[in-house]
Amino acid sequence: MTLQMIIGLIVVAIMIYLMAKRKDPKTLLFAAGMIMILLAGDLTGTFKAFSASMKQANVFETIITSMGFAAVVKLCGADKHLVSLFAKILKKAGPFLIIGVALATMVVNTSITSAAGVTAAMGTVFIPLMVASGIPVPLAAGAIMCGLYGGNLNPGHVHPTIVAHLAGVEGMDFVHVAAPALIASVVVSSCVLTCMAFYLRKKHGKEAIAAQAAAFGEVEIIKANPLYAVLPLVPIIILLLGNLKIVPAFKMPVPHAMIIGCLLCMIVTRTNPQEVTKEFFKAMGTAFGNVFGLLICVNIFVAGLTKLGFIKMLIGFMTTSPSIAKLAAVFGPFIMTLICGSGESASIAFNEAVSVHASRFGMDTLHMGAMVVLSGGIGRSMAMFSAAMILCAGIAKLQPMDIIKYNGWAMFAALLTAAAFLMF
């Protein structure tokens with residue numbers, strides 16, 4: 001190992017440490033990548049990596065239109081109707097309430113791809129509802145966290161878009177591969193929480209659970225309009241019908257489906273077209289700065305690793321044993337996300353650096369990339385420093401560790417379930 005590589009390792013270690021301290025991931029990834037590129041003696045490599053990232057037009061278009069649609073859904077209030085419709089249905093779920101809430105969170109997350117946004121929408125309604133039904137507060141909060149990587153069922157979300165781009169396929173192809181593993185992992189993790197709920201109710205007694213419910217008071221649920229409630233799911237429905245050839249006319253690119261969804265939201269809810277247009281393009285700009293900007297910084301970081309020879313060394317090590325590559329895909333992003341709280345940066349960096357070479361490990365890019373994405377998402381659902389966990393704990397009036405000591409077991413079960421579907 002050269003002196004430059006040793007210094008590079010120190011730079012990466014410092015970056016990980018600062019991420020754990022909640023510093024901005026984009027700044028850290030950009031700086032670390034630039035330093036490593038300079039260490040390799042390439043004075044213009046940073047600028048070349050930046051320009052190459054900016055030219056990923058298909059990735060760029062898909063990500064920002066999806067975020068624009070999510071903002072329009074929120075503006076029109078359709079998300080509240082979807083959440084309230086689920087609340088009305090799940091009131092009668094009985095012992096399956098935790099499983100139902102986790103799956104409902106997963107579905108809502110397909111249209112509102114912000115984990116923190118879904119936590120706010122679902123948590124304020126369902127945590128009091130579950131507690132009132134006799135579910136201990138930490139497990140009620142854990143049920144929300146179980147479904148918070150459902151955004152990966154949206155072909156326009158950042159991770160499906162990136163993995164599909166690396167594999168040379170469309171976002172819906174990623175969804176076809178990832179969906180069984182994702183749905184099964186959510187069911188398994190919520191079943192684990194359900195078993196814990198039965199145990200804790202027996203251990204602490206109904207009186208203690210009733211006292212917890214009293215602290216939340218009555219939950220206010222709006223009267224759901226079924227037509228409004230289905231609007232957030234319109235692009236997903238269009239893409240599914242088109243790609244499954246049920247309605248061949250609906251076969252279209254993801255951005256087109258998102259724009260159609262926006263138009264239907266505006267027409268059905270009779271929202272001011274000027275407000276819809278402003279919100280759509282404002283969200284597109286925010287998505288460029290936050291989501292696509294992160295992708296640019298990750299590409300610069302990966303370019304630095306490549307220039308110093310780390311990627312070649314890692315690929316060579318993994319090629320000696322496919323099982324090593326599988327274990328890295330399953331546990332690598334999961335552990336990184338637990339440390340820094342961001343599933344986005346860990347998963348994107350791993351996919352850009354490693355999954356693109358999946359064929360050299362005897363695997364395909366779609367399966368490996370899907371595992372990496374789910375690994376990061378599952379890790380975020382039990383990461384102490386993730387924004388969604390902090391917000392969920394605040395809604396539940398708990399500390400993050402109060403939730404993690406229960407849902408940690410559930411999320412680890414989810415990780416093993418996803419691995420069973422995608423890696424073995």
# chains A, B, ... in the order shown; residues from 1 in each chain; ligands from 1

$ residues_around --residues "Leu182 of chain A" --least-positions-apart "5" --cutoff "8 Å" --atoms "only C-alpha atoms" --output "ChimeraX atom specification"
/A:150,374,418

$ write_last_selection --atoms "C-alpha atoms" --output "CSV table (one decimal), in the first residue's frame"
chain,number,residue,atom,x,y,z
A,150,GLY,CA,-41.0,1.6,0.8
A,374,LEU,CA,-32.5,-2.3,1.1
A,418,ALA,CA,-34.1,-9.4,2.2

$ select_by_dssp --residues "segment 132-339 of chain A" --states "alpha helix (DSSP H)" --output "NGL selection string"
:A and (132 or 137-146 or 158-167 or 171-216 or 226-230 or 234-243 or 254-269 or 273-287 or 293-308 or 310-319 or 322-339)

$ closest_atom_pairs --of "segment 306-398 of chain A" --to "segment 156-161 of chain A" --cutoff "9 Å" --atoms "only C-alpha atoms" --output "Markdown table"
| residue | atom | partner | partner_atom | distance |
| --- | --- | --- | --- | --- |
| A:Glu344 | CA | A:His159 | CA | 8.0 |
| A:Ser347 | CA | A:His159 | CA | 8.0 |
| A:Ile348 | CA | A:His159 | CA | 7.1 |
| A:Gly369 | CA | A:Pro160 | CA | 8.7 |
| A:Ala370 | CA | A:Pro160 | CA | 7.9 |
| A:Val373 | CA | A:His159 | CA | 6.5 |

$ residues_around --residues "segment 115-121 of chain A" --least-positions-apart "5" --cutoff "9 Å" --atoms "only C-alpha atoms" --output "ChimeraX atom specification"
/A:79-80,83,105,108-109,126,144-145,148-149,151,386-389,391-392,395

$ residues_around --residues "segment 403-407 of chain A" --least-positions-apart "2" --cutoff "6 Å" --atoms "only C-alpha atoms" --output "ChimeraX atom specification"
/A:138,142,382,400-401,409-410

$ write_last_selection --atoms "all heavy atoms" --output "PDB file, in the first residue's frame"
ATOM      1  N   PRO A 138     -43.328   2.248  22.334  1.00  0.00           N
ATOM      2  CA  PRO A 138     -42.124   2.005  21.509  1.00  0.00           C
ATOM      3  C   PRO A 138     -42.398   1.116  20.301  1.00  0.00           C
ATOM      4  O   PRO A 138     -41.792   1.301  19.236  1.00  0.00           O
ATOM      5  CB  PRO A 138     -41.167   1.304  22.485  1.00  0.00           C
ATOM      6  CG  PRO A 138     -41.658   1.640  23.839  1.00  0.00           C
ATOM      7  CD  PRO A 138     -43.136   1.773  23.716  1.00  0.00           C
ATOM      8  N   GLY A 142     -42.092   1.892  16.396  1.00  0.00           N
ATOM      9  CA  GLY A 142     -41.325   0.955  15.592  1.00  0.00           C
ATOM     10  C   GLY A 142     -42.066   0.495  14.355  1.00  0.00           C
ATOM     11  O   GLY A 142     -41.460   0.243  13.310  1.00  0.00           O
ATOM     12  N   MET A 382     -33.329   1.948  11.908  1.00  0.00           N
ATOM     13  CA  MET A 382     -32.941   1.721  13.308  1.00  0.00           C
ATOM     14  C   MET A 382     -31.699   2.535  13.686  1.00  0.00           C
ATOM     15  O   MET A 382     -31.033   2.251  14.684  1.00  0.00           O
ATOM     16  CB  MET A 382     -32.690   0.234  13.571  1.00  0.00           C
ATOM     17  CG  MET A 382     -31.594  -0.392  12.772  1.00  0.00           C
ATOM     18  SD  MET A 382     -31.215  -2.100  13.268  1.00  0.00           S
ATOM     19  CE  MET A 382     -30.376  -1.835  14.827  1.00  0.00           C
ATOM     20  N   PRO A 400     -34.800   8.091  21.035  1.00  0.00           N
ATOM     21  CA  PRO A 400     -34.569   7.112  19.970  1.00  0.00           C
ATOM     22  C   PRO A 400     -34.203   5.714  20.473  1.00  0.00           C
ATOM     23  O   PRO A 400     -34.673   4.708  19.942  1.00  0.00           O
ATOM     24  CB  PRO A 400     -33.426   7.734  19.159  1.00  0.00           C
ATOM     25  CG  PRO A 400     -33.627   9.203  19.322  1.00  0.00           C
ATOM     26  CD  PRO A 400     -34.108   9.369  20.741  1.00  0.00           C
ATOM     27  N   MET A 401     -33.386   5.630  21.536  1.00  0.00           N
ATOM     28  CA  MET A 401     -32.969   4.321  22.032  1.00  0.00           C
ATOM     29  C   MET A 401     -34.146   3.530  22.605  1.00  0.00           C
ATOM     30  O   MET A 401     -34.113   2.294  22.621  1.00  0.00           O
ATOM     31  CB  MET A 401     -31.882   4.466  23.100  1.00  0.00           C
ATOM     32  CG  MET A 401     -30.478   4.574  22.547  1.00  0.00           C
ATOM     33  SD  MET A 401     -30.011   3.242  21.406  1.00  0.00           S
ATOM     34  CE  MET A 401     -30.214   1.792  22.422  1.00  0.00           C
ATOM     35  N   TRP A 409     -34.284  -5.467  16.767  1.00  0.00           N
ATOM     36  CA  TRP A 409     -34.434  -6.894  16.489  1.00  0.00           C
ATOM     37  C   TRP A 409     -35.288  -7.119  15.233  1.00  0.00           C
ATOM     38  O   TRP A 409     -34.991  -7.976  14.405  1.00  0.00           O
ATOM     39  CB  TRP A 409     -35.091  -7.600  17.681  1.00  0.00           C
ATOM     40  CG  TRP A 409     -34.275  -7.535  18.924  1.00  0.00           C
ATOM     41  CD1 TRP A 409     -34.447  -6.688  19.987  1.00  0.00           C
ATOM     42  CD2 TRP A 409     -33.119  -8.333  19.243  1.00  0.00           C
ATOM     43  NE1 TRP A 409     -33.495  -6.912  20.946  1.00  0.00           N
ATOM     44  CE2 TRP A 409     -32.665  -7.915  20.520  1.00  0.00           C
ATOM     45  CE3 TRP A 409     -32.446  -9.356  18.582  1.00  0.00           C
ATOM     46  CZ2 TRP A 409     -31.554  -8.483  21.130  1.00  0.00           C
ATOM     47  CZ3 TRP A 409     -31.332  -9.927  19.184  1.00  0.00           C
ATOM     48  CH2 TRP A 409     -30.909  -9.493  20.450  1.00  0.00           C
ATOM     49  N   ALA A 410     -36.332  -6.295  15.113  1.00  0.00           N
ATOM     50  CA  ALA A 410     -37.229  -6.421  13.961  1.00  0.00           C
ATOM     51  C   ALA A 410     -36.509  -6.063  12.665  1.00  0.00           C
ATOM     52  O   ALA A 410     -36.662  -6.748  11.639  1.00  0.00           O
ATOM     53  CB  ALA A 410     -38.449  -5.524  14.161  1.00  0.00           C
TER      54      ALA A 410
END

$ closest_residue --among "A:Ala396, A:Phe334, A:Lys282, A:Val177" --to "Met423 of chain A" --atoms "only C-alpha atoms"
A:Val177

$ residues_around --residues "Cys297 of chain A" --least-positions-apart "2" --cutoff "8 Å" --atoms "only C-alpha atoms" --output "PDB file with N, CA, C and O atoms, in the first residue's frame"
ATOM      1  N   LYS A  26     -22.752  15.929   1.760  1.00  0.00           N
ATOM      2  CA  LYS A  26     -22.292  16.402   0.446  1.00  0.00           C
ATOM      3  C   LYS A  26     -20.927  17.075   0.567  1.00  0.00           C
ATOM      4  O   LYS A  26     -20.028  16.820  -0.236  1.00  0.00           O
ATOM      5  N   THR A  27     -20.778  17.924   1.569  1.00  0.00           N
ATOM      6  CA  THR A  27     -19.503  18.613   1.773  1.00  0.00           C
ATOM      7  C   THR A  27     -18.387  17.617   2.035  1.00  0.00           C
ATOM      8  O   THR A  27     -17.290  17.719   1.461  1.00  0.00           O
ATOM      9  N   LEU A  29     -18.240  14.296   1.328  1.00  0.00           N
ATOM     10  CA  LEU A  29     -17.957  13.432   0.180  1.00  0.00           C
ATOM     11  C   LEU A  29     -17.178  14.188  -0.897  1.00  0.00           C
ATOM     12  O   LEU A  29     -16.224  13.659  -1.473  1.00  0.00           O
ATOM     13  N   PHE A  30     -17.589  15.421  -1.162  1.00  0.00           N
ATOM     14  CA  PHE A  30     -16.897  16.239  -2.169  1.00  0.00           C
ATOM     15  C   PHE A  30     -15.449  16.489  -1.743  1.00  0.00           C
ATOM     16  O   PHE A  30     -14.513  16.299  -2.538  1.00  0.00           O
ATOM     17  N   GLY A  33     -13.324  13.222  -1.761  1.00  0.00           N
ATOM     18  CA  GLY A  33     -13.035  12.821  -3.137  1.00  0.00           C
ATOM     19  C   GLY A  33     -11.986  13.707  -3.780  1.00  0.00           C
ATOM     20  O   GLY A  33     -11.057  13.227  -4.444  1.00  0.00           O
ATOM     21  N   PHE A  50     -17.189  15.820 -11.837  1.00  0.00           N
ATOM     22  CA  PHE A  50     -18.354  16.697 -11.677  1.00  0.00           C
ATOM     23  C   PHE A  50     -19.125  16.795 -12.996  1.00  0.00           C
ATOM     24  O   PHE A  50     -20.349  16.625 -13.035  1.00  0.00           O
ATOM     25  N   GLY A 293     -27.582  16.534  -6.071  1.00  0.00           N
ATOM     26  CA  GLY A 293     -26.320  17.075  -5.571  1.00  0.00           C
ATOM     27  C   GLY A 293     -25.532  16.037  -4.790  1.00  0.00           C
ATOM     28  O   GLY A 293     -24.303  15.959  -4.889  1.00  0.00           O
ATOM     29  N   LEU A 294     -26.236  15.227  -4.005  1.00  0.00           N
ATOM     30  CA  LEU A 294     -25.583  14.151  -3.256  1.00  0.00           C
ATOM     31  C   LEU A 294     -24.965  13.141  -4.221  1.00  0.00           C
ATOM     32  O   LEU A 294     -23.843  12.662  -4.005  1.00  0.00           O
ATOM     33  N   LEU A 295     -25.681  12.820  -5.300  1.00  0.00           N
ATOM     34  CA  LEU A 295     -25.161  11.881  -6.289  1.00  0.00           C
ATOM     35  C   LEU A 295     -23.877  12.409  -6.929  1.00  0.00           C
ATOM     36  O   LEU A 295     -22.911  11.657  -7.134  1.00  0.00           O
ATOM     37  N   ASN A 299     -20.166  10.617  -6.658  1.00  0.00           N
ATOM     38  CA  ASN A 299     -19.371  10.265  -7.837  1.00  0.00           C
ATOM     39  C   ASN A 299     -17.957  10.830  -7.740  1.00  0.00           C
ATOM     40  O   ASN A 299     -16.994  10.180  -8.182  1.00  0.00           O
ATOM     41  N   ILE A 300     -17.821  12.005  -7.177  1.00  0.00           N
ATOM     42  CA  ILE A 300     -16.486  12.580  -6.972  1.00  0.00           C
ATOM     43  C   ILE A 300     -15.712  11.759  -5.943  1.00  0.00           C
ATOM     44  O   ILE A 300     -14.517  11.479  -6.106  1.00  0.00           O
ATOM     45  N   PHE A 301     -16.397  11.332  -4.881  1.00  0.00           N
ATOM     46  CA  PHE A 301     -15.769  10.493  -3.858  1.00  0.00           C
ATOM     47  C   PHE A 301     -15.317   9.161  -4.461  1.00  0.00           C
ATOM     48  O   PHE A 301     -14.190   8.695  -4.218  1.00  0.00           O
TER      49      PHE A 301
END

$ atom_distance --atom1 "atom CA of Lys251 of chain A" --atom2 "atom CA of Met172 of chain A"
10.7 Å

$ closest_residue --among "A:Cys146, A:Met313, A:Ala393, A:Met318" --to "Val186 of chain A" --atoms "only C-alpha atoms"
A:Cys146

$ closest_residue --among "A:Lys312, A:Arg380, A:His165, A:Arg360" --to "Ile335 of chain A" --atoms "only C-alpha atoms"
A:Arg380

$ residues_around --residues "Ala328 of chain A" --least-positions-apart "3" --cutoff "12 Å" --atoms "only C-alpha atoms" --output "PyMOL selection string"
chain A and resi 314-315+317-318+321-325+331-336+347+350-351+354-355+358+361+368-369+371-372+375-376+419+423

$ write_last_selection --atoms "C-alpha atoms" --output "mmCIF file, in the first residue's frame"
data_model
loop_
_atom_site.group_PDB
_atom_site.id
_atom_site.type_symbol
_atom_site.label_atom_id
_atom_site.label_comp_id
_atom_site.auth_asym_id
_atom_site.auth_seq_id
_atom_site.Cartn_x
_atom_site.Cartn_y
_atom_site.Cartn_z
ATOM 1 C CA LEU A 314 -11.566 -4.023 -3.242
ATOM 2 C CA ILE A 315 -12.794 -5.660 -6.446
ATOM 3 C CA PHE A 317 -10.424 -8.974 -2.880
ATOM 4 C CA MET A 318 -14.127 -9.626 -3.489
ATOM 5 C CA SER A 321 -14.772 -15.203 -2.965
ATOM 6 C CA PRO A 322 -18.336 -14.328 -4.068
ATOM 7 C CA SER A 323 -19.481 -14.921 -0.471
ATOM 8 C CA ILE A 324 -17.369 -11.943 0.624
ATOM 9 C CA ALA A 325 -19.116 -9.758 -1.934
ATOM 10 C CA PHE A 331 -23.996 -5.705 5.911
ATOM 11 C CA GLY A 332 -21.787 -2.915 4.505
ATOM 12 C CA PRO A 333 -24.415 -0.184 3.853
ATOM 13 C CA PHE A 334 -26.368 -1.344 6.935
ATOM 14 C CA ILE A 335 -23.415 -0.741 9.268
ATOM 15 C CA MET A 336 -22.427 2.521 7.555
ATOM 16 C CA SER A 347 -26.097 3.047 -0.456
ATOM 17 C CA PHE A 350 -21.530 1.407 -2.446
ATOM 18 C CA ASN A 351 -23.570 0.948 -5.611
ATOM 19 C CA VAL A 354 -18.998 -1.875 -6.131
ATOM 20 C CA SER A 355 -22.375 -3.030 -7.496
ATOM 21 C CA ALA A 358 -21.334 -7.273 -9.756
ATOM 22 C CA PHE A 361 -18.479 -11.587 -8.369
ATOM 23 C CA MET A 368 -26.719 -6.730 -5.742
ATOM 24 C CA GLY A 369 -27.848 -3.120 -6.143
ATOM 25 C CA MET A 371 -29.669 -5.601 -1.681
ATOM 26 C CA VAL A 372 -27.448 -2.598 -1.084
ATOM 27 C CA SER A 375 -29.550 -2.712 3.470
ATOM 28 C CA GLY A 376 -29.151 1.068 3.719
ATOM 29 C CA ALA A 419 -30.794 -11.175 1.955
ATOM 30 C CA MET A 423 -28.461 -13.001 -2.249
#
